[in-house]
Amino acid sequence: MRLVIERSELMRALGHVTSVVERRTTIPILSNVLLRAVGSSLELKATDLEREVVEAVSADVQQPGAITVPAHMLNDIVRKLPEGAEIEMVRDAERERLTIRAGQARFALQTIVADDFPDLAAGEMGHTFEIPAADLKSLIEKTRFAISTEETRYYLNGIYLHTAERSGQPTLRAVATDGHRLAQLDVDLPEGAQGMPGVIVPRKTVHEIHRLIEASSAPITVGVSAAKVRFVIGPITLTSKLIDGSFPDYQRVIPQSNDKSMKVSNSQFMSAVDRVSTIASERGRAVKLAIAPDKLVLSVTNPDGGSATEELAVDYAANSFEIGFNARYLLDISGQLESDTLQFLLADPGSPTMVKDGGEDRALYVLMPMRV
Amino acid sequence: MRALCRACCEWSGPELSGPDLCAACGATRIVRHPELEALTIAHIDCDAFYASVEKRDRPELRYEPVIVGHPGGRGVVTTACYNARRYGVRSAMPMFQALERCPHATVIPPDMAKYRRVGLEIRDIFREATEIVEPVSLDEAYLDLSPENMVSTMPAAEALALIAHRVESEIGITVSVGLSANKLLAKLASEREKPRGFSVIGRAEAKRYLAALPVSKINGVGPSTERRLAAAGIVTIGDLQAVPEIELTAAHGKLGRRLAQFAVGEDDRAVQPDRPAKSISAETTFRRDTADLSALMVALEPLAARVATALDRKGLAGAAVVVKLKTATFQIVSRSRRLQRPTQRADILLEAARPIVEREADGRLFRLAGIGVDGLVPAAEADPPDLFGG
């Protein structure tokens with residue numbers, strides 16, 4: 001294998017693929033990136049066995065071949081080379097080294113043969129469709145904060161992507177929940193997605209995709225099978241295993257008849273919650289909402305720290321009552337809003353509360369109250 | 001009426017007859033008392049503590065009289081071992097006088113740092129039985145061994161026999177144990193059979209037992225109160241029992257009321273732990289050692305339920321689960337794992353304990369398993385309601 005490649009091209013691709021490489025792994029080859037020179041391009045591939053990222057960049061290939069080298073080390077080397085550098089890579093099969101030359105700098109990296117590199121991409125994707133990058137981005141951004149990190153509920157450790165219906169229109173829906181809050185977003189169902197199985201995309205994959213979307217505004221091709229999901233984002237292909245579990249019947253926890261509507265300025269609400277929760281010794285403590293016609297009083301009481309209250313003007317006409325929520329959960333939802341209108345649909349202090357965004361009716365949030 | 005063997009900590013049934021020999025180990029150190037299984041307040045006192053520690057560290061002095069105290073003309077005896085006491089050496093006696101009585105005694109200057117260290121080691125053993133430990137000094141403490149405060153399900157007497165056994169085998173000194181219904185009687189009981197004693201005073205005999213003792217045995221009766229009582233013709237606690245409470249209160253105020261109560265063996269002072277409980281746990285010893293994962297998990301189930309009940313009663317929740325296992329070779333494995341959020345729930349504790357037990361159940365035989373919580377927080381922070389009711 002022998003090739004010459006432009007530094008910026010290589011650095012960009014390495015940045016995309018190496019983030020899936022675990023810093024600490026017990027299987028040596030998983031620390032490596034696979035380099036495959038073929039035709040007029042260099043293909044880079046990295047994996048953590050749960051997901052793999054492949055990207056091809058153009059290169060002047062003088063002799064095709066494949067080898068693996070330590071991913072983070074290669075990334076660091078390329079980053080430190082001067083801008084505009086031409087990088088030459090030559091495999092020395094006999095000494096099991098990859099020689100990298102740029103200007104007067106020369107590196108010889110230890111290698112592991114490419115044959116041993118795991119391959120996750122094999123297998124047919126039963127359903128393939130194209131989705132606008134902005135839609136996929138919204139599906140992730142509006143829901144990922146609610147993904148559970150509790151290992152015992154592994155089936156909640158991802159975003160549930162599936163087909164659904166909203167006001168009679170077919171949609172592609174993302175749902176995430178940790179049992180205390182739930183986030184849901186609908187986008188128009190892309191052509192070809194009809195009949196796809198509902199899949200749980202693992203949290204780490206979700207974050208990887210979100211990072212990679214930044215690299216492209218072109219539509220993204222999504223392939224779904226029973227065990228894997230694939231995203232083709234421009235020159236990058238990410239293939240990930242799915243969470244093997246069944247997502248709970250989330251529909252039954254979405255309140256259908258909460259008729260007490262309270263509208264409040266999101267920016268005011270967010271700042272007020274942030275202020276009163278300063279009193280709580282740890283974030284995540286309960287904020288009490290005393291709701292009355294046109295008036296909301298937020299309060300936090302910490303037996304060891306004192307108390308705080310703040311009053312806000314709201315649009316509310318039903319009966320007065322008090323309800324408690326986790327301050328962080330409130331802030332998480334507020335942070336998702338596109339408009340300044342935050343709408344609560346309430347029932348009583350013990351029942352799930354629905355939260356909506358005045359400017360994004362495709363999104364809905366559900367919050368379980370706390371005892372206060 | 002069951003009897004308890006202090007040597008092997010086993011109970012013997014009513015069939016135990018003839019000379020007091022343990023049916024299990026044949027030892028003669030049998031404790032029997034009609035209220036043995038009902039009493040829960042204990043006082044434990046180390047025997048000649050400083051001297052015992054010194055003898056432990058210098059085995060060649062084991063059978064010699066040892067006096068701990070500053071040598072020289074003006075020093076006093078801090079502690080005398082039981083051997084030295086036979087010659088009339090007493091605590092607080094001037095050293096020259098002690099050495100007149102026992103010239104061949106070895107005098108060792110006190111090493112307080114060492115005694116403190118050993119005292120804390122002993123206290124840790126107490127705390128493995130109950131969280132409610134009230135240290136009186138380095139070598140003395142009250143323990144509340146009521147079932148709700150205990151780590152294990154064994155009766156208080158058995159826990160005490162085990163404590164005494166462990167202090168002897170692990171620390172290398174002996175203790176005297178008093179078991180009774182309250183602090184006053186427990187302390188009197190521990191003094192009754194020193195050294196290496198195990199004495200029980202039941203509610204039924206308390207008044208009669210107290211009657212013969214001098215008033216100075218009552219906690220809080222110092223030399224001046226003793227003189228005042230003597231002036232009124234009250235020398236024994238029995239004399240005190242004959243005086244109506246109203247007269248005692250008139251003569252001695254608040255203390256009078258207490259004297260009246262103490263005189264008949266009543267004492268409502270609670271055992272006050274010197275620090276708030278940091279953890280709550282429960283454990284059990286198996287009839288037969290096991291290496292089986294599912295057997296271990298099954299054993300933890302009722303224990304987790306006990307921990308959950310205790311948390312609920314105290315209005316607390318645990319931020320971490322702690323699993324304790326003891327191997328057949330008496331190695332203790334203690335592993336903890338932080339929970340996602342504090343909990344009071346037995347099922348969540350068990351679920352969090354499972355991976356720990358799975359990792360440890362590698363074929364080794366275990367004789368004991370326990371589960372508990374660490375990082376106690378108010379219950380309000382625990383177990384927020386769940387959308388899925390899970």
# chains A, B, ... in the order shown; residues from 1 in each chain; ligands from 1
>>> closest_atom_pairs(of="chain A", to="chain B", cutoff="7 Å", atoms="only C-alpha atoms", output="tab-separated table")
residue	atom	partner	partner_atom	distance
A:Glu150	CA	B:Gln340	CA	6.6
A:Gly179	CA	B:Leu387	CA	5.0
A:His180	CA	B:Asp386	CA	5.3
A:Val253	CA	B:Leu387	CA	6.2
A:Met368	CA	B:Leu387	CA	6.1
A:Met370	CA	B:Pro384	CA	6.0
>>> residues_around(residues="Glu311 (chain A)", least_positions_apart="5", cutoff="9 Å", atoms="only C-alpha atoms", output="PyMOL selection string")
chain A and resi 272+295-299
>>> write_last_selection(atoms="all heavy atoms", output="tab-separated table (two decimals), in the first residue's frame")
chain	number	residue	atom	x	y	z
A	272	ALA	N	-36.54	32.00	35.80
A	272	ALA	CA	-37.09	31.93	37.15
A	272	ALA	C	-36.81	30.57	37.79
A	272	ALA	O	-36.40	30.49	38.95
A	272	ALA	CB	-38.60	32.20	37.12
A	295	LYS	N	-51.59	33.68	37.53
A	295	LYS	CA	-50.43	33.85	38.41
A	295	LYS	C	-49.78	32.50	38.72
A	295	LYS	O	-50.46	31.53	39.04
A	295	LYS	CB	-50.87	34.53	39.71
A	295	LYS	CG	-49.72	34.91	40.61
A	295	LYS	CD	-50.21	35.64	41.84
A	295	LYS	CE	-50.18	34.70	43.05
A	295	LYS	NZ	-50.48	35.41	44.30
A	296	LEU	N	-48.45	32.49	38.60
A	296	LEU	CA	-47.71	31.28	38.94
A	296	LEU	C	-46.64	31.64	39.95
A	296	LEU	O	-45.90	32.61	39.74
A	296	LEU	CB	-47.04	30.70	37.67
A	296	LEU	CG	-45.97	29.63	37.88
A	296	LEU	CD1	-46.57	28.36	38.45
A	296	LEU	CD2	-45.26	29.33	36.57
A	297	VAL	N	-46.58	30.91	41.06
A	297	VAL	CA	-45.51	31.15	42.03
A	297	VAL	C	-44.62	29.92	42.08
A	297	VAL	O	-45.07	28.81	42.38
A	297	VAL	CB	-46.06	31.48	43.44
A	297	VAL	CG1	-44.90	31.69	44.41
A	297	VAL	CG2	-46.96	32.69	43.38
A	298	LEU	N	-43.36	30.13	41.73
A	298	LEU	CA	-42.38	29.05	41.79
A	298	LEU	C	-41.70	29.12	43.14
A	298	LEU	O	-41.36	30.21	43.61
A	298	LEU	CB	-41.31	29.25	40.71
A	298	LEU	CG	-41.77	29.25	39.26
A	298	LEU	CD1	-40.64	29.75	38.37
A	298	LEU	CD2	-42.20	27.86	38.85
A	299	SER	N	-41.52	27.97	43.78
A	299	SER	CA	-40.78	28.02	45.04
A	299	SER	C	-39.96	26.76	45.26
A	299	SER	O	-40.31	25.68	44.78
A	299	SER	CB	-41.73	28.27	46.21
A	299	SER	OG	-42.63	27.20	46.32
>>> residues_around(residues="region 200-212 of chain B", least_positions_apart="6", cutoff="8 Å", atoms="only C-alpha atoms", output="PyMOL selection string")
chain B and resi 33-36+39+178-181+185-186+189+236-239+241+263-265
>>> write_last_selection(atoms="N, CA, C and O atoms", output="compact mmCIF listing (two decimals), in the first residue's frame")
# COMPACT_ATOMS: atom_id res chain seq x y z
N HIS B 33 -30.89 -17.63 81.38
CA HIS B 33 -31.66 -16.64 82.11
C HIS B 33 -33.05 -16.63 81.50
O HIS B 33 -33.18 -16.69 80.28
N PRO B 34 -34.09 -16.55 82.34
CA PRO B 34 -35.45 -16.59 81.78
C PRO B 34 -35.70 -15.49 80.75
O PRO B 34 -36.49 -15.66 79.83
N GLU B 35 -35.02 -14.34 80.91
CA GLU B 35 -35.30 -13.22 80.00
C GLU B 35 -34.21 -13.07 78.94
O GLU B 35 -34.14 -12.05 78.24
N LEU B 36 -33.37 -14.11 78.80
CA LEU B 36 -32.19 -13.99 77.94
C LEU B 36 -32.52 -13.55 76.51
O LEU B 36 -31.80 -12.79 75.90
N LEU B 39 -34.15 -9.44 76.33
CA LEU B 39 -33.46 -8.20 76.69
C LEU B 39 -32.60 -7.70 75.53
O LEU B 39 -32.04 -8.51 74.78
N GLY B 178 -22.75 -6.85 79.85
CA GLY B 178 -23.94 -6.83 80.68
C GLY B 178 -25.14 -6.66 79.79
O GLY B 178 -25.16 -5.78 78.93
N LEU B 179 -26.14 -7.52 79.98
CA LEU B 179 -27.34 -7.45 79.14
C LEU B 179 -28.53 -7.26 80.05
O LEU B 179 -28.71 -8.00 81.03
N SER B 180 -29.34 -6.23 79.72
CA SER B 180 -30.51 -6.01 80.53
C SER B 180 -31.56 -5.23 79.77
O SER B 180 -31.53 -5.17 78.55
N ALA B 181 -32.45 -4.58 80.52
CA ALA B 181 -33.58 -3.90 79.90
C ALA B 181 -33.28 -2.42 79.67
O ALA B 181 -33.96 -1.76 78.88
N LEU B 185 -29.25 -0.85 84.33
CA LEU B 185 -29.10 -2.25 84.71
C LEU B 185 -28.01 -2.94 83.88
O LEU B 185 -27.28 -3.80 84.38
N ALA B 186 -27.88 -2.54 82.61
CA ALA B 186 -26.86 -3.16 81.76
C ALA B 186 -25.47 -2.87 82.31
O ALA B 186 -24.59 -3.73 82.33
N ALA B 189 -24.87 -4.89 85.30
CA ALA B 189 -24.67 -6.29 84.93
C ALA B 189 -23.23 -6.52 84.45
O ALA B 189 -22.59 -7.50 84.82
N THR B 236 -27.99 1.85 101.25
CA THR B 236 -28.16 0.92 100.13
C THR B 236 -29.30 1.41 99.23
O THR B 236 -30.10 2.27 99.61
N ILE B 237 -29.32 0.81 98.05
CA ILE B 237 -30.41 1.15 97.15
C ILE B 237 -31.74 0.67 97.74
O ILE B 237 -32.78 1.27 97.55
N GLY B 238 -31.65 -0.42 98.50
CA GLY B 238 -32.85 -0.90 99.19
C GLY B 238 -33.41 0.17 100.11
O GLY B 238 -34.64 0.37 100.16
N ASP B 239 -32.53 0.90 100.83
CA ASP B 239 -32.99 2.00 101.68
C ASP B 239 -33.74 3.03 100.84
O ASP B 239 -34.76 3.58 101.23
N GLN B 241 -35.27 2.55 98.05
CA GLN B 241 -36.56 2.03 97.57
C GLN B 241 -37.68 2.30 98.57
O GLN B 241 -38.84 2.41 98.20
N ALA B 263 -33.83 3.48 91.60
CA ALA B 263 -33.84 2.58 92.74
C ALA B 263 -34.64 1.31 92.46
O ALA B 263 -34.30 0.24 92.94
N VAL B 264 -35.67 1.44 91.61
CA VAL B 264 -36.48 0.27 91.30
C VAL B 264 -36.09 -0.34 89.94
O VAL B 264 -36.77 -1.21 89.42
N GLY B 265 -34.99 0.16 89.38
CA GLY B 265 -34.48 -0.44 88.14
C GLY B 265 -35.10 0.12 86.88
O GLY B 265 -35.01 -0.48 85.82
>>> closest_residue(among="A:Glu360, A:Asn302, A:Ile279, A:Lys260", to="Ala318 (chain A)", atoms="only C-alpha atoms")
A:Lys260
>>> select_by_dssp(residues="region 275-343 of chain B", states="alpha helix (DSSP H)", output="JSON, numbers by chain")
{"B": [293, 294, 295, 296, 297, 298, 299, 300, 301, 302, 303, 304, 305, 306, 307, 308, 309, 310, 311, 312, 313, 314]}
>>> residues_around(residues="His16 (chain A)", least_positions_apart="5", cutoff="8 Å", atoms="only C-alpha atoms", output="PyMOL selection string")
chain A and resi 53+55+212
>>> closest_residue(among="B:Lys217, B:Arg258, B:Arg275, B:His104", to="Arg127 (chain B)", atoms="only C-alpha atoms")
B:Arg275
>>> closest_residue(among="A:Asp188, A:Glu9, A:Glu208, A:Glu310", to="Thr239 (chain A)", atoms="only C-alpha atoms")
A:Glu208
>>> residues_around(residues="Ser41 (chain A)", least_positions_apart="2", cutoff="9 Å", atoms="only C-alpha atoms", output="list in words")
Arg36, Ala37, Val38, Gly39, Glu43, Ala56, Val57, Ser58, Ala59, Asp60 and Val61 of chain A
>>> write_last_selection(atoms="N, CA and C atoms", output="CSV table (one decimal), in the first residue's frame")
chain,number,residue,atom,x,y,z
A,36,ARG,N,-7.8,1.7,3.9
A,36,ARG,CA,-7.9,0.8,2.7
A,36,ARG,C,-7.7,1.7,1.5
A,37,ALA,N,-6.6,1.5,0.7
A,37,ALA,CA,-6.4,2.3,-0.5
A,37,ALA,C,-6.9,1.5,-1.7
A,38,VAL,N,-7.8,2.1,-2.4
A,38,VAL,CA,-8.4,1.4,-3.5
A,38,VAL,C,-8.9,2.4,-4.6
A,39,GLY,N,-8.6,2.2,-5.8
A,39,GLY,CA,-9.0,3.1,-6.9
A,39,GLY,C,-8.2,4.4,-6.7
A,43,GLU,N,-10.1,4.7,2.1
A,43,GLU,CA,-11.3,4.5,2.9
A,43,GLU,C,-10.8,4.3,4.3
A,56,ALA,N,-14.8,7.6,2.9
A,56,ALA,CA,-13.8,7.5,1.8
A,56,ALA,C,-13.4,9.0,1.4
A,57,VAL,N,-12.1,9.2,1.3
A,57,VAL,CA,-11.6,10.5,0.8
A,57,VAL,C,-10.7,10.3,-0.4
A,58,SER,N,-10.6,11.3,-1.2
A,58,SER,CA,-9.8,11.0,-2.5
A,58,SER,C,-8.3,11.1,-2.1
A,59,ALA,N,-7.6,10.2,-2.8
A,59,ALA,CA,-6.1,10.2,-2.5
A,59,ALA,C,-5.4,9.7,-3.8
A,60,ASP,N,-4.2,10.0,-3.9
A,60,ASP,CA,-3.4,9.5,-5.0
A,60,ASP,C,-2.8,8.2,-4.7
A,61,VAL,N,-3.5,7.1,-5.0
A,61,VAL,CA,-3.1,5.8,-4.7
A,61,VAL,C,-2.1,5.2,-5.7
>>> select_by_dssp(residues="region 57-223 of chain B", states="strand (DSSP E or B)", output="ChimeraX atom specification")
/B:66-69,76-80,94,106-108,130,133-137,140-144,150,175-180,198-200,214
>>> write_last_selection(atoms="N, CA, C and O atoms", output="short mmCIF file (atom, residue, chain, number, x, y, z; two decimals), in the first residue's frame")
data_model
loop_
_atom_site.label_atom_id
_atom_site.label_comp_id
_atom_site.auth_asym_id
_atom_site.auth_seq_id
_atom_site.Cartn_x
_atom_site.Cartn_y
_atom_site.Cartn_z
N VAL B 66 1.08 -6.19 85.56
CA VAL B 66 1.42 -5.04 84.71
C VAL B 66 0.63 -3.83 85.19
O VAL B 66 -0.57 -3.92 85.47
N ILE B 67 1.34 -2.73 85.32
CA ILE B 67 0.68 -1.47 85.70
C ILE B 67 0.93 -0.46 84.59
O ILE B 67 2.08 -0.26 84.19
N VAL B 68 -0.14 0.13 84.08
CA VAL B 68 0.03 1.20 83.12
C VAL B 68 -0.08 2.50 83.89
O VAL B 68 -1.03 2.71 84.66
N GLY B 69 0.92 3.37 83.72
CA GLY B 69 0.93 4.64 84.43
C GLY B 69 2.31 5.22 84.32
O GLY B 69 3.25 4.53 83.91
N VAL B 76 0.70 8.20 88.88
CA VAL B 76 -0.38 7.40 89.45
C VAL B 76 -0.69 6.23 88.52
O VAL B 76 -0.34 6.25 87.35
N VAL B 77 -1.38 5.25 89.07
CA VAL B 77 -1.77 4.08 88.29
C VAL B 77 -2.94 4.46 87.38
O VAL B 77 -3.95 4.98 87.85
N THR B 78 -2.77 4.26 86.11
CA THR B 78 -3.88 4.49 85.18
C THR B 78 -4.74 3.23 85.11
O THR B 78 -5.95 3.28 85.25
N THR B 79 -4.07 2.12 84.87
CA THR B 79 -4.78 0.83 84.86
C THR B 79 -3.86 -0.23 85.43
O THR B 79 -2.67 -0.25 85.11
N ALA B 80 -4.43 -1.12 86.22
CA ALA B 80 -3.66 -2.27 86.70
C ALA B 80 -4.30 -3.51 86.13
O ALA B 80 -5.53 -3.62 86.07
N PRO B 94 -1.31 6.24 93.86
CA PRO B 94 0.03 6.75 93.55
C PRO B 94 0.98 5.60 93.22
O PRO B 94 0.90 4.53 93.83
N THR B 106 5.56 -4.83 86.26
CA THR B 106 6.16 -4.09 85.14
C THR B 106 5.34 -2.83 84.93
O THR B 106 4.11 -2.90 84.77
N VAL B 107 6.01 -1.68 84.96
CA VAL B 107 5.29 -0.42 84.78
C VAL B 107 5.49 0.06 83.34
O VAL B 107 6.62 0.14 82.86
N ILE B 108 4.39 0.33 82.69
CA ILE B 108 4.46 0.77 81.28
C ILE B 108 3.79 2.13 81.17
O ILE B 108 2.63 2.30 81.58
N THR B 130 -24.89 -3.41 65.41
CA THR B 130 -25.96 -2.40 65.47
C THR B 130 -25.38 -1.02 65.20
O THR B 130 -24.23 -0.76 65.51
N VAL B 133 -24.78 2.61 68.81
CA VAL B 133 -23.69 2.39 69.75
C VAL B 133 -23.39 3.73 70.42
O VAL B 133 -23.17 4.72 69.74
N GLU B 134 -23.43 3.75 71.76
CA GLU B 134 -23.12 4.98 72.49
C GLU B 134 -21.82 4.78 73.25
O GLU B 134 -21.82 4.15 74.31
N PRO B 135 -20.72 5.28 72.73
CA PRO B 135 -19.46 5.10 73.45
C PRO B 135 -19.46 5.96 74.72
O PRO B 135 -19.91 7.11 74.68
N VAL B 136 -19.01 5.39 75.83
CA VAL B 136 -18.90 6.14 77.07
C VAL B 136 -17.46 6.63 77.19
O VAL B 136 -17.18 7.74 77.60
N SER B 137 -16.54 5.76 76.81
CA SER B 137 -15.13 6.12 76.76
C SER B 137 -14.52 5.18 75.72
O SER B 137 -15.22 4.48 75.02
N GLU B 140 -15.52 1.42 76.55
CA GLU B 140 -16.81 1.15 77.17
C GLU B 140 -17.92 1.74 76.30
O GLU B 140 -17.79 2.86 75.80
N ALA B 141 -18.99 0.98 76.12
CA ALA B 141 -20.08 1.51 75.30
C ALA B 141 -21.38 0.82 75.63
O ALA B 141 -21.41 -0.32 76.08
N TYR B 142 -22.49 1.57 75.39
CA TYR B 142 -23.82 0.98 75.44
C TYR B 142 -24.24 0.62 74.01
O TYR B 142 -23.93 1.35 73.07
N LEU B 143 -24.96 -0.49 73.88
CA LEU B 143 -25.46 -0.90 72.59
C LEU B 143 -26.96 -1.15 72.69
O LEU B 143 -27.41 -1.77 73.66
N ASP B 144 -27.69 -0.64 71.71
CA ASP B 144 -29.11 -0.98 71.64
C ASP B 144 -29.27 -2.06 70.58
O ASP B 144 -29.07 -1.82 69.39
N MET B 150 -30.77 -3.86 64.58
CA MET B 150 -29.73 -4.87 64.36
C MET B 150 -29.51 -5.13 62.89
O MET B 150 -30.42 -5.04 62.07
N VAL B 175 -13.57 -8.74 77.08
CA VAL B 175 -14.56 -7.75 77.50
C VAL B 175 -15.53 -8.40 78.47
O VAL B 175 -15.64 -9.62 78.52
N SER B 176 -16.21 -7.54 79.22
CA SER B 176 -17.30 -8.03 80.06
C SER B 176 -18.59 -7.42 79.56
O SER B 176 -18.66 -6.23 79.27
N VAL B 177 -19.58 -8.28 79.45
CA VAL B 177 -20.84 -7.89 78.84
C VAL B 177 -21.95 -7.90 79.88
O VAL B 177 -22.04 -8.82 80.68
N GLY B 178 -22.75 -6.85 79.85
CA GLY B 178 -23.94 -6.83 80.68
C GLY B 178 -25.14 -6.66 79.79
O GLY B 178 -25.16 -5.78 78.93
N LEU B 179 -26.14 -7.52 79.98
CA LEU B 179 -27.34 -7.45 79.14
C LEU B 179 -28.53 -7.26 80.05
O LEU B 179 -28.71 -8.00 81.03
N SER B 180 -29.34 -6.23 79.72
CA SER B 180 -30.51 -6.01 80.53
C SER B 180 -31.56 -5.23 79.77
O SER B 180 -31.53 -5.17 78.55
N PHE B 198 -20.23 -12.33 81.38
CA PHE B 198 -21.46 -12.16 80.57
C PHE B 198 -22.59 -12.30 81.56
O PHE B 198 -22.93 -13.40 81.98
N SER B 199 -23.14 -11.17 81.95
CA SER B 199 -24.11 -11.21 83.03
C SER B 199 -25.42 -10.60 82.57
O SER B 199 -25.44 -9.64 81.82
N VAL B 200 -26.51 -11.18 83.06
CA VAL B 200 -27.84 -10.75 82.65
C VAL B 200 -28.63 -10.35 83.88
O VAL B 200 -28.63 -11.07 84.88
N PRO B 214 -24.89 -0.60 97.30
CA PRO B 214 -24.78 0.74 97.86
C PRO B 214 -25.30 1.78 96.85
O PRO B 214 -25.23 1.55 95.65
#
>>> residues_around(residues="Ser225 (chain A)", least_positions_apart="4", cutoff="12 Å", atoms="only C-alpha atoms", output="PyMOL selection string")
chain A and resi 121-128+193+195-201+229-231+239-242
>>> write_last_selection(atoms="N, CA, C and O atoms", output="short mmCIF file (atom, residue, chain, number, x, y, z; two decimals), in the first residue's frame")
data_model
loop_
_atom_site.label_atom_id
_atom_site.label_comp_id
_atom_site.auth_asym_id
_atom_site.auth_seq_id
_atom_site.Cartn_x
_atom_site.Cartn_y
_atom_site.Cartn_z
N ALA A 121 -20.96 -3.99 8.75
CA ALA A 121 -21.86 -3.49 7.70
C ALA A 121 -22.60 -4.61 6.98
O ALA A 121 -23.60 -4.35 6.32
N ALA A 122 -22.11 -5.84 7.09
CA ALA A 122 -22.72 -6.93 6.34
C ALA A 122 -24.20 -7.08 6.68
O ALA A 122 -24.63 -6.73 7.78
N GLY A 123 -24.97 -7.57 5.75
CA GLY A 123 -26.39 -7.79 5.98
C GLY A 123 -27.24 -6.80 5.23
O GLY A 123 -26.86 -5.65 5.02
N GLU A 124 -28.42 -7.24 4.83
CA GLU A 124 -29.34 -6.42 4.05
C GLU A 124 -30.12 -5.48 4.96
O GLU A 124 -30.49 -5.83 6.07
N MET A 125 -30.36 -4.28 4.47
CA MET A 125 -31.24 -3.35 5.16
C MET A 125 -32.61 -3.49 4.48
O MET A 125 -32.75 -3.22 3.29
N GLY A 126 -33.60 -3.92 5.22
CA GLY A 126 -34.91 -4.19 4.63
C GLY A 126 -35.61 -2.93 4.13
O GLY A 126 -36.31 -2.95 3.12
N HIS A 127 -35.41 -1.83 4.84
CA HIS A 127 -36.10 -0.58 4.47
C HIS A 127 -35.07 0.52 4.31
O HIS A 127 -34.21 0.68 5.16
N THR A 128 -35.18 1.23 3.19
CA THR A 128 -34.23 2.33 2.96
C THR A 128 -35.02 3.56 2.54
O THR A 128 -35.95 3.45 1.74
N ALA A 193 -40.27 4.70 3.98
CA ALA A 193 -40.17 4.32 5.39
C ALA A 193 -41.40 3.54 5.85
O ALA A 193 -41.39 2.96 6.94
N GLY A 195 -43.90 0.89 6.82
CA GLY A 195 -43.72 -0.52 7.16
C GLY A 195 -42.40 -0.86 7.81
O GLY A 195 -42.12 -2.02 8.11
N MET A 196 -41.54 0.16 8.04
CA MET A 196 -40.27 -0.16 8.72
C MET A 196 -40.54 -0.58 10.16
O MET A 196 -41.49 -0.12 10.79
N PRO A 197 -39.74 -1.48 10.69
CA PRO A 197 -39.95 -1.88 12.08
C PRO A 197 -39.53 -0.73 13.01
O PRO A 197 -38.66 0.06 12.66
N GLY A 198 -40.19 -0.64 14.18
CA GLY A 198 -39.75 0.34 15.16
C GLY A 198 -38.40 -0.09 15.72
O GLY A 198 -38.21 -1.26 16.02
N VAL A 199 -37.45 0.86 15.80
CA VAL A 199 -36.11 0.48 16.25
C VAL A 199 -35.65 1.40 17.37
O VAL A 199 -36.04 2.56 17.44
N ILE A 200 -34.84 0.84 18.28
CA ILE A 200 -34.27 1.66 19.36
C ILE A 200 -32.81 1.92 19.02
O ILE A 200 -31.97 1.00 19.03
N VAL A 201 -32.51 3.17 18.70
CA VAL A 201 -31.15 3.55 18.31
C VAL A 201 -30.38 3.92 19.57
O VAL A 201 -30.80 4.81 20.31
N VAL A 229 -29.10 -0.36 11.99
CA VAL A 229 -29.55 0.84 11.31
C VAL A 229 -28.33 1.46 10.64
O VAL A 229 -27.21 1.34 11.15
N ARG A 230 -28.54 2.03 9.45
CA ARG A 230 -27.41 2.63 8.73
C ARG A 230 -27.78 4.04 8.29
O ARG A 230 -28.88 4.28 7.82
N PHE A 231 -26.84 4.95 8.48
CA PHE A 231 -27.05 6.33 8.04
C PHE A 231 -25.94 6.67 7.06
O PHE A 231 -24.76 6.51 7.39
N THR A 239 -22.92 2.59 10.55
CA THR A 239 -23.78 1.43 10.75
C THR A 239 -23.75 1.10 12.23
O THR A 239 -22.69 1.05 12.84
N SER A 240 -24.93 0.90 12.79
CA SER A 240 -24.99 0.66 14.24
C SER A 240 -25.91 -0.51 14.54
O SER A 240 -26.92 -0.70 13.88
N LYS A 241 -25.53 -1.26 15.56
CA LYS A 241 -26.47 -2.25 16.07
C LYS A 241 -27.59 -1.51 16.79
O LYS A 241 -27.43 -0.38 17.22
N LEU A 242 -28.74 -2.16 16.91
CA LEU A 242 -29.87 -1.58 17.61
C LEU A 242 -29.94 -2.15 19.01
O LEU A 242 -29.32 -3.18 19.29
#
>>> residues_around(residues="Arg106 (chain A)", least_positions_apart="5", cutoff="12 Å", atoms="only C-alpha atoms", output="list in words")
Ile77, Val78, Leu81, Ile87, Glu88, Met89, Val90, Leu98, Thr99, Ile100 and Arg101 of chain A
